[in-house]
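To be precise, the following lines are target-v5.txt, and they hold compact mmCIF, C-alpha atoms.
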# COMPACT_ATOMS: atom_id res chain seq x y z
CA MET I 15 38.61 12.80 16.37
CA ILE I 16 37.03 10.74 13.62
CA PRO I 17 35.27 12.87 10.99
CA PRO I 18 31.49 12.27 10.85
CA ARG I 19 31.75 11.28 7.20
CA VAL I 20 33.99 8.36 8.11
CA LEU I 21 31.80 7.43 11.08
CA ILE I 22 28.71 7.27 8.83
CA LYS I 23 30.54 5.26 6.19
CA THR I 24 31.90 2.78 8.74
CA TYR I 25 29.01 2.26 11.11
CA LEU I 26 25.80 3.50 9.52
CA SER I 27 26.23 2.71 5.85
CA PRO I 28 26.44 -1.12 6.08
CA LEU I 29 23.04 -1.11 7.79
CA ILE I 30 21.15 0.80 5.10
CA GLY I 31 20.52 -2.15 2.78
CA MET I 32 19.39 -4.26 5.71
CA THR I 33 17.22 -1.48 7.11
CA ALA I 34 15.56 -1.04 3.71
CA TYR I 35 14.96 -4.80 3.46
CA PHE I 36 13.46 -4.94 6.95
CA MET I 37 11.42 -1.78 6.41
CA GLN I 38 9.94 -3.17 3.19
CA ARG I 39 8.64 -6.21 5.06
CA VAL I 40 7.24 -4.29 8.02
CA THR I 41 5.48 -1.69 5.83
CA GLY I 42 4.22 -4.51 3.58
CA LEU I 43 2.62 -6.31 6.52
CA LEU I 44 1.06 -3.05 7.73
CA LEU I 45 -0.37 -2.41 4.25
CA LEU I 46 -1.82 -5.93 4.06
CA PHE I 47 -3.45 -5.32 7.44
CA TYR I 48 -4.76 -2.00 6.13
CA LEU I 49 -6.32 -3.77 3.13
CA LEU I 50 -8.27 -5.89 5.61
CA LEU I 51 -9.57 -2.76 7.36
CA HIS I 52 -10.25 -1.11 4.02
CA VAL I 53 -12.47 -3.90 2.67
CA HIS I 54 -14.30 -3.88 6.00
CA THR I 55 -14.81 -0.11 5.65
CA VAL I 56 -16.16 -0.42 2.09
CA HIS I 57 -18.69 -2.93 3.42
CA GLU I 58 -19.66 -0.46 6.15
CA ILE I 59 -20.18 2.52 3.84
CA SER I 60 -22.02 0.52 1.20
CA GLY I 61 -24.97 -0.09 3.52
CA GLY I 62 -26.83 2.99 2.27
CA PRO I 63 -26.70 6.78 2.80
CA LEU I 64 -27.33 6.48 6.55
CA ALA I 65 -24.58 3.93 7.15
CA PHE I 66 -22.32 5.94 4.83
CA ASN I 67 -22.74 9.20 6.78
CA HIS I 68 -22.35 7.37 10.07
CA ALA I 69 -19.01 5.90 8.92
CA MET I 70 -17.90 9.26 7.49
CA ASP I 71 -18.52 10.97 10.84
CA ALA I 72 -16.24 8.43 12.48
CA PHE I 73 -13.50 9.12 9.91
CA LYS I 74 -13.59 12.84 10.72
CA ASN I 75 -12.12 11.96 14.09
CA PRO I 76 -8.59 13.48 14.32
CA LEU I 77 -7.20 10.04 15.20
CA PHE I 78 -8.43 8.66 11.88
CA ARG I 79 -6.97 11.67 10.07
CA LEU I 80 -3.62 11.05 11.71
CA LEU I 81 -3.75 7.34 10.82
CA GLU I 82 -4.66 8.31 7.24
CA ILE I 83 -1.59 10.54 7.00
CA GLY I 84 0.52 7.75 8.53
CA LEU I 85 -0.85 5.38 5.90
CA LEU I 86 0.23 7.81 3.19
CA GLY I 87 3.78 7.80 4.56
CA ILE I 88 3.89 4.00 4.77
CA VAL I 89 2.57 3.60 1.22
CA ILE I 90 5.12 6.10 -0.17
CA LEU I 91 8.04 4.38 1.59
CA HIS I 92 6.94 0.93 0.41
CA ALA I 93 6.29 2.03 -3.19
CA LEU I 94 9.51 4.02 -3.63
CA ASN I 95 11.69 1.40 -1.97
CA GLY I 96 9.92 -1.16 -4.16
CA ILE I 97 10.95 0.84 -7.24
CA ARG I 98 14.50 0.94 -5.83
CA ILE I 99 14.45 -2.86 -5.47
CA MET I 100 13.29 -3.27 -9.07
CA VAL I 101 15.97 -0.88 -10.33
CA ILE I 102 18.64 -2.85 -8.45
CA ASP I 103 17.21 -6.18 -9.70
CA PHE I 104 17.56 -4.98 -13.28
CA GLY I 105 21.28 -4.64 -12.51
CA VAL I 106 21.15 -0.88 -12.89
CA ALA I 107 22.92 1.25 -10.30
CA THR I 108 23.61 -1.69 -7.97
CA ARG I 109 26.67 0.15 -6.67
CA HIS I 110 24.51 3.09 -5.72
CA GLN I 111 21.80 1.16 -3.85
CA LYS I 112 22.45 3.05 -0.61
CA ARG I 113 22.39 6.44 -2.26
CA LEU I 114 19.21 5.33 -4.05
CA PHE I 115 17.63 4.55 -0.70
CA TRP I 116 18.38 8.02 0.66
CA GLY I 117 17.63 9.89 -2.55
CA LEU I 118 14.55 8.06 -3.77
CA ALA I 119 12.87 6.52 -0.75
CA VAL I 120 13.75 9.15 1.85
CA VAL I 121 14.17 12.54 0.12
CA ILE I 122 11.73 12.22 -2.80
CA GLY I 123 9.44 10.21 -0.51
CA ALA I 124 9.42 13.05 2.04
CA LEU I 125 8.58 15.59 -0.68
CA ILE I 126 5.67 13.51 -2.01
CA PHE I 127 4.55 12.91 1.57
CA ILE I 128 4.45 16.63 2.36
CA ALA I 129 2.66 17.38 -0.93
CA GLY I 130 0.07 14.70 -0.16
CA ALA I 131 -0.28 15.14 3.59
CA LEU I 132 -0.72 18.93 3.55
CA PRO I 133 -4.11 18.93 1.74
CA LEU I 134 -5.30 16.02 3.90
CA PHE I 135 -4.17 17.83 7.03
CA MET I 136 -5.45 21.22 5.93
CA HIS I 137 -9.00 20.30 5.10
CA SER I 138 -9.29 18.15 8.19
CA VAL I 139 -8.03 20.77 10.65
CA TRP I 140 -8.92 24.17 9.24
CA GLU I 141 -12.09 23.51 7.33
CA ARG I 142 -13.90 21.93 10.17
CA MET S 29 10.87 -21.75 -13.71
CA SER S 30 10.68 -22.83 -10.09
CA ARG S 31 7.75 -21.88 -7.91
CA ASN S 32 9.85 -19.42 -5.93
CA ALA S 33 11.33 -17.79 -9.04
CA PHE S 34 7.79 -17.35 -10.36
CA ALA S 35 6.74 -15.75 -7.06
CA TRP S 36 9.78 -13.47 -7.24
CA TYR S 37 8.95 -12.30 -10.80
CA MET S 38 5.26 -11.89 -10.06
CA GLN S 39 6.02 -9.77 -7.00
CA ARG S 40 7.88 -7.31 -9.22
CA ILE S 41 5.30 -7.33 -12.01
CA THR S 42 2.36 -6.79 -9.63
CA GLY S 43 4.38 -4.20 -7.69
CA ALA S 44 5.00 -2.24 -10.90
CA LEU S 45 1.27 -2.43 -11.74
CA LEU S 46 0.26 -1.27 -8.26
CA VAL S 47 2.20 2.01 -8.46
CA PRO S 48 0.04 3.66 -11.19
CA LEU S 49 -3.14 2.03 -9.81
CA LEU S 50 -2.40 3.36 -6.34
CA ILE S 51 -1.60 6.88 -7.57
CA ALA S 52 -4.87 6.89 -9.56
CA HIS S 53 -6.80 5.54 -6.55
CA PHE S 54 -5.39 8.16 -4.17
CA TRP S 55 -5.94 10.90 -6.69
CA VAL S 56 -9.54 9.97 -7.39
CA GLU S 57 -10.50 9.33 -3.77
CA HIS S 58 -8.72 12.24 -2.12
CA PHE S 59 -7.86 15.04 -4.50
CA MET S 60 -9.74 14.97 -7.80
CA SER S 61 -13.36 15.43 -6.84
CA ALA S 62 -14.40 18.92 -5.79
CA THR S 63 -17.00 17.48 -3.44
CA LEU S 64 -14.24 15.49 -1.79
CA MET S 65 -12.03 18.53 -1.34
CA ARG S 66 -14.87 20.46 0.25
CA GLY S 67 -15.46 17.55 2.59
CA ASP S 68 -19.14 17.12 1.71
CA LEU S 69 -18.74 13.69 0.20
CA THR S 70 -22.02 11.84 -0.09
CA TYR S 71 -23.17 8.31 -0.75
CA ASP S 72 -24.51 9.36 -4.16
CA VAL S 73 -21.10 10.62 -5.30
CA ILE S 74 -19.56 7.22 -4.57
CA LEU S 75 -22.57 5.41 -6.04
CA SER S 76 -22.38 7.29 -9.35
CA ARG S 77 -18.67 6.52 -9.74
CA ILE S 78 -18.90 2.88 -8.74
CA SER S 79 -21.92 2.18 -10.99
CA ASN S 80 -19.63 2.82 -13.97
CA PRO S 81 -18.47 -0.65 -15.16
CA TRP S 82 -15.02 0.74 -16.04
CA TRP S 83 -14.47 1.87 -12.47
CA GLN S 84 -15.71 -1.50 -11.25
CA ALA S 85 -13.20 -3.24 -13.51
CA ILE S 86 -10.36 -0.96 -12.38
CA ASP S 87 -11.20 -1.25 -8.68
CA ILE S 88 -11.67 -5.02 -8.77
CA SER S 89 -8.39 -5.45 -10.69
CA PHE S 90 -6.71 -3.22 -8.13
CA LEU S 91 -8.10 -5.34 -5.30
CA LEU S 92 -7.01 -8.63 -6.90
CA ILE S 93 -3.52 -7.40 -7.79
CA ALA S 94 -3.02 -5.87 -4.32
CA LEU S 95 -4.25 -9.06 -2.66
CA TYR S 96 -1.90 -11.20 -4.71
CA HIS S 97 1.03 -8.86 -4.01
CA GLY S 98 0.29 -8.68 -0.28
CA LEU S 99 -0.25 -12.40 0.27
CA ASN S 100 2.69 -13.33 -1.96
CA GLY S 101 4.78 -10.93 0.14
CA LEU S 102 3.52 -12.60 3.30
CA TYR S 103 4.44 -15.99 1.80
CA GLY S 104 7.97 -14.66 1.14
CA ILE S 105 8.27 -13.36 4.69
CA ILE S 106 7.18 -16.74 6.10
CA LEU S 107 9.75 -18.54 3.92
CA ASP S 108 12.46 -16.05 4.93
CA PHE S 109 12.37 -17.33 8.49
CA GLY S 110 13.96 -20.51 7.11
CA LYS S 111 12.00 -22.79 9.41
CA VAL S 112 9.55 -23.91 6.74
CA GLY S 113 10.22 -27.15 4.87
CA PRO S 114 8.96 -27.90 1.33
CA ARG S 115 5.75 -29.60 2.49
CA ALA S 116 4.98 -26.86 5.02
CA ALA S 117 5.67 -24.30 2.28
CA THR S 118 3.09 -25.95 0.01
CA ALA S 119 0.60 -26.06 2.88
CA THR S 120 1.24 -22.36 3.55
CA LEU S 121 0.71 -21.56 -0.12
CA VAL S 122 -2.60 -23.46 -0.22
CA LEU S 123 -3.73 -21.74 3.00
CA LEU S 124 -2.80 -18.27 1.72
CA PHE S 125 -4.52 -19.02 -1.59
CA GLY S 126 -7.71 -19.89 0.29
CA VAL S 127 -7.42 -16.71 2.36
CA GLY S 128 -6.93 -14.75 -0.87
CA VAL S 129 -10.02 -16.22 -2.55
CA ALA S 130 -12.18 -15.54 0.52
CA TRP S 131 -10.78 -12.00 0.82
CA ALA S 132 -11.40 -11.32 -2.89
CA ILE S 133 -15.03 -12.48 -2.64
CA TRP S 134 -15.47 -10.37 0.50
CA GLY S 135 -14.05 -7.34 -1.33
CA ILE S 136 -16.03 -7.79 -4.54
CA THR S 137 -19.32 -8.27 -2.67
CA ALA S 138 -18.70 -4.90 -0.99
CA PHE S 139 -19.14 -3.32 -4.44
CA HIS S 140 -22.29 -5.22 -5.17
CA ASN S 141 -23.99 -3.81 -2.10
CA LEU S 142 -23.59 -0.36 -3.56
I'd like the structure from this file rewritten - as structure tokens, please.
Amino acid sequence: MIPPRVLIKTYLSPLIGMTAYFMQRVTGLLLLFYLLLHVHTVHEISGGPLAFNHAMDAFKNPLFRLLEIGLLGIVILHALNGIRIMVIDFGVATRHQKRLFWGLAVVIGALIFIAGALPLFMHSVWER
Amino acid sequence: MSRNAFAWYMQRITGALLVPLLIAHFWVEHFMSATLMRGDLTYDVILSRISNPWWQAIDISFLLIALYHGLNGLYGIILDFGKVGPRAATATLVLLFGVGVAWAIWGITAFHNL
């Protein structure tokens, strides 16, 4: 029986750098697409109070709320992994790049995500 | 410095700038304003913030930096496929630059409607 620690080190660990690289590109493309939607939205809401309220009603839809929380997660992953990339590029902690991915992008990212998503979730579900 | 090295550096510089801008943007739009937290956000609240020239400067800078970062990232992704020769790369760059200018004008005019 191979201990799980060894299994992770042998099979999972070599993929982390590649996964992070791939994830950065996918989340980046999603964020660029979001910027397109976002500029469109700003145009919509800037049409006056009536157009503004009309757009706001649409955003109160639970689907939009869910997408908003998803956006928060994507932004946090991209930003924290981006910081990890810059840290590695400076030549600092290059040997710990995998641990940095787990610690910074995943664990700290999850904490920020929960702290940010809870208020968004709360006032969309309970205060309505 | 080669064109690609410049793109590489700029991606890091703009990325570092986007982190505080993004945190400020999220904070202002979602958590700071009491009217926002209560969910009774109105057109006038947005109008009063965006009529401040400092907020206009910050938001337009944010848009331009984000656009550069996003399109430069897209340029990097296209090059990463390895199928793009030097001339096609230049054509891609020119195309993305045009897209960026159009997108920036589209974004800035959204403010001027307000």
Taking only C-alpha atoms into account, produce a table as JSON lines in which each residue of chain S with an atom at most 10 Å from an atom of chain I appears once, together with its shortest atom pair and the distance in Å to one decimal, ordered by chain and rising number.
{"residue": "S:Gln39", "atom": "CA", "partner": "I:Gly96", "partner_atom": "CA", "distance": 9.9}
{"residue": "S:Arg40", "atom": "CA", "partner": "I:Met100", "partner_atom": "CA", "distance": 6.8}
{"residue": "S:Ile41", "atom": "CA", "partner": "I:Met100", "partner_atom": "CA", "distance": 9.4}
{"residue": "S:Gly43", "atom": "CA", "partner": "I:Gly96", "partner_atom": "CA", "distance": 7.2}
{"residue": "S:Ala44", "atom": "CA", "partner": "I:Ile97", "partner_atom": "CA", "distance": 7.6}
{"residue": "S:Leu46", "atom": "CA", "partner": "I:Ala93", "partner_atom": "CA", "distance": 8.5}
{"residue": "S:Val47", "atom": "CA", "partner": "I:Ala93", "partner_atom": "CA", "distance": 6.7}
{"residue": "S:Leu50", "atom": "CA", "partner": "I:Val89", "partner_atom": "CA", "distance": 9.1}
{"residue": "S:Phe54", "atom": "CA", "partner": "I:Leu86", "partner_atom": "CA", "distance": 9.3}
{"residue": "S:Trp55", "atom": "CA", "partner": "I:Gly130", "partner_atom": "CA", "distance": 9.7}
{"residue": "S:His58", "atom": "CA", "partner": "I:Leu134", "partner_atom": "CA", "distance": 7.9}
{"residue": "S:Phe59", "atom": "CA", "partner": "I:Pro133", "partner_atom": "CA", "distance": 8.3}
{"residue": "S:Leu64", "atom": "CA", "partner": "I:His137", "partner_atom": "CA", "distance": 9.9}
{"residue": "S:Met65", "atom": "CA", "partner": "I:His137", "partner_atom": "CA", "distance": 7.3}
{"residue": "S:Arg66", "atom": "CA", "partner": "I:His137", "partner_atom": "CA", "distance": 7.6}
{"residue": "S:Gly67", "atom": "CA", "partner": "I:His137", "partner_atom": "CA", "distance": 7.5}
{"residue": "S:Asp68", "atom": "CA", "partner": "I:Met70", "partner_atom": "CA", "distance": 9.8}
{"residue": "S:Leu69", "atom": "CA", "partner": "I:Met70", "partner_atom": "CA", "distance": 8.6}
{"residue": "S:Thr70", "atom": "CA", "partner": "I:Asn67", "partner_atom": "CA", "distance": 7.4}
{"residue": "S:Tyr71", "atom": "CA", "partner": "I:Pro63", "partner_atom": "CA", "distance": 5.2}
{"residue": "S:Asp72", "atom": "CA", "partner": "I:Pro63", "partner_atom": "CA", "distance": 7.7}
{"residue": "S:Ile74", "atom": "CA", "partner": "I:Ser60", "partner_atom": "CA", "distance": 9.2}
{"residue": "S:Leu75", "atom": "CA", "partner": "I:Ser60", "partner_atom": "CA", "distance": 8.8}
{"residue": "S:Leu91", "atom": "CA", "partner": "I:Leu49", "partner_atom": "CA", "distance": 8.8}
{"residue": "S:Ala94", "atom": "CA", "partner": "I:Leu49", "partner_atom": "CA", "distance": 8.4}
{"residue": "S:Leu95", "atom": "CA", "partner": "I:Leu46", "partner_atom": "CA", "distance": 7.8}
{"residue": "S:His97", "atom": "CA", "partner": "I:Leu46", "partner_atom": "CA", "distance": 9.0}
{"residue": "S:Gly98", "atom": "CA", "partner": "I:Leu46", "partner_atom": "CA", "distance": 5.6}
{"residue": "S:Leu99", "atom": "CA", "partner": "I:Leu46", "partner_atom": "CA", "distance": 7.7}
{"residue": "S:Gly101", "atom": "CA", "partner": "I:Gly42", "partner_atom": "CA", "distance": 7.3}
{"residue": "S:Leu102", "atom": "CA", "partner": "I:Leu43", "partner_atom": "CA", "distance": 7.1}
{"residue": "S:Gly104", "atom": "CA", "partner": "I:Arg39", "partner_atom": "CA", "distance": 9.3}
{"residue": "S:Ile105", "atom": "CA", "partner": "I:Arg39", "partner_atom": "CA", "distance": 7.2}
{"residue": "S:Trp131", "atom": "CA", "partner": "I:Leu50", "partner_atom": "CA", "distance": 8.2}
{"residue": "S:Ala132", "atom": "CA", "partner": "I:Val53", "partner_atom": "CA", "distance": 9.3}
{"residue": "S:Trp134", "atom": "CA", "partner": "I:Val53", "partner_atom": "CA", "distance": 7.5}
{"residue": "S:Gly135", "atom": "CA", "partner": "I:Val53", "partner_atom": "CA", "distance": 5.5}
{"residue": "S:Ile136", "atom": "CA", "partner": "I:Val53", "partner_atom": "CA", "distance": 8.9}
{"residue": "S:Thr137", "atom": "CA", "partner": "I:His57", "partner_atom": "CA", "distance": 8.1}
{"residue": "S:Ala138", "atom": "CA", "partner": "I:His57", "partner_atom": "CA", "distance": 4.8}
{"residue": "S:Phe139", "atom": "CA", "partner": "I:Ser60", "partner_atom": "CA", "distance": 7.4}
{"residue": "S:His140", "atom": "CA", "partner": "I:Ser60", "partner_atom": "CA", "distance": 8.6}
{"residue": "S:Asn141", "atom": "CA", "partner": "I:Ser60", "partner_atom": "CA", "distance": 5.8}
{"residue": "S:Leu142", "atom": "CA", "partner": "I:Ser60", "partner_atom": "CA", "distance": 5.1}
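Across the structure, atom CA of Ile88 of chain I and atom CA of Gly123 of chain I are spaced 9.9 Å apart.
Nearest-residue note for Gly84 of chain I: choosing from I:Tyr35, I:Pro28, I:Thr41, I:Met15, the minimum distance belongs to I:Thr41, counting only C-alpha atoms.
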Practice prompt. Work out how far atom CA of His53 of chain S is from atom CA of Phe115 of chain I, in Å to one decimal.
Written response: 25.1 Å
Practice prompt. Please identify all polymer residues within 8 Å of Arg98 of chain I, counting all atoms listed in the file, omitting same-chain residues fewer than 6 positions from it, and present them as a ChimeraX atom specification.
Written response: /I:111,114-115,118-119
Worksheet item: So what do you get for atom CA of Ser30 of chain S versus atom CA of Ala117 of chain S, distance-wise?
Response: 13.4 Å
Shell around Arg113 of chain I at 12 Å using only C-alpha atoms, local window under 5 positions removed, as an mmCIF file with C-alpha atoms, in the frame of the given file:
data_model
loop_
_atom_site.group_PDB
_atom_site.id
_atom_site.type_symbol
_atom_site.label_atom_id
_atom_site.label_comp_id
_atom_site.auth_asym_id
_atom_site.auth_seq_id
_atom_site.Cartn_x
_atom_site.Cartn_y
_atom_site.Cartn_z
ATOM 1 C CA LYS I 23 30.540 5.260 6.190
ATOM 2 C CA SER I 27 26.230 2.710 5.850
ATOM 3 C CA PRO I 28 26.440 -1.120 6.080
ATOM 4 C CA ILE I 30 21.150 0.800 5.100
ATOM 5 C CA GLY I 31 20.520 -2.150 2.780
ATOM 6 C CA ALA I 34 15.560 -1.040 3.710
ATOM 7 C CA ASN I 95 11.690 1.400 -1.970
ATOM 8 C CA ARG I 98 14.500 0.940 -5.830
ATOM 9 C CA ILE I 102 18.640 -2.850 -8.450
ATOM 10 C CA ALA I 107 22.920 1.250 -10.300
ATOM 11 C CA THR I 108 23.610 -1.690 -7.970
ATOM 12 C CA LEU I 118 14.550 8.060 -3.770
ATOM 13 C CA ALA I 119 12.870 6.520 -0.750
ATOM 14 C CA VAL I 120 13.750 9.150 1.850
ATOM 15 C CA VAL I 121 14.170 12.540 0.120
#
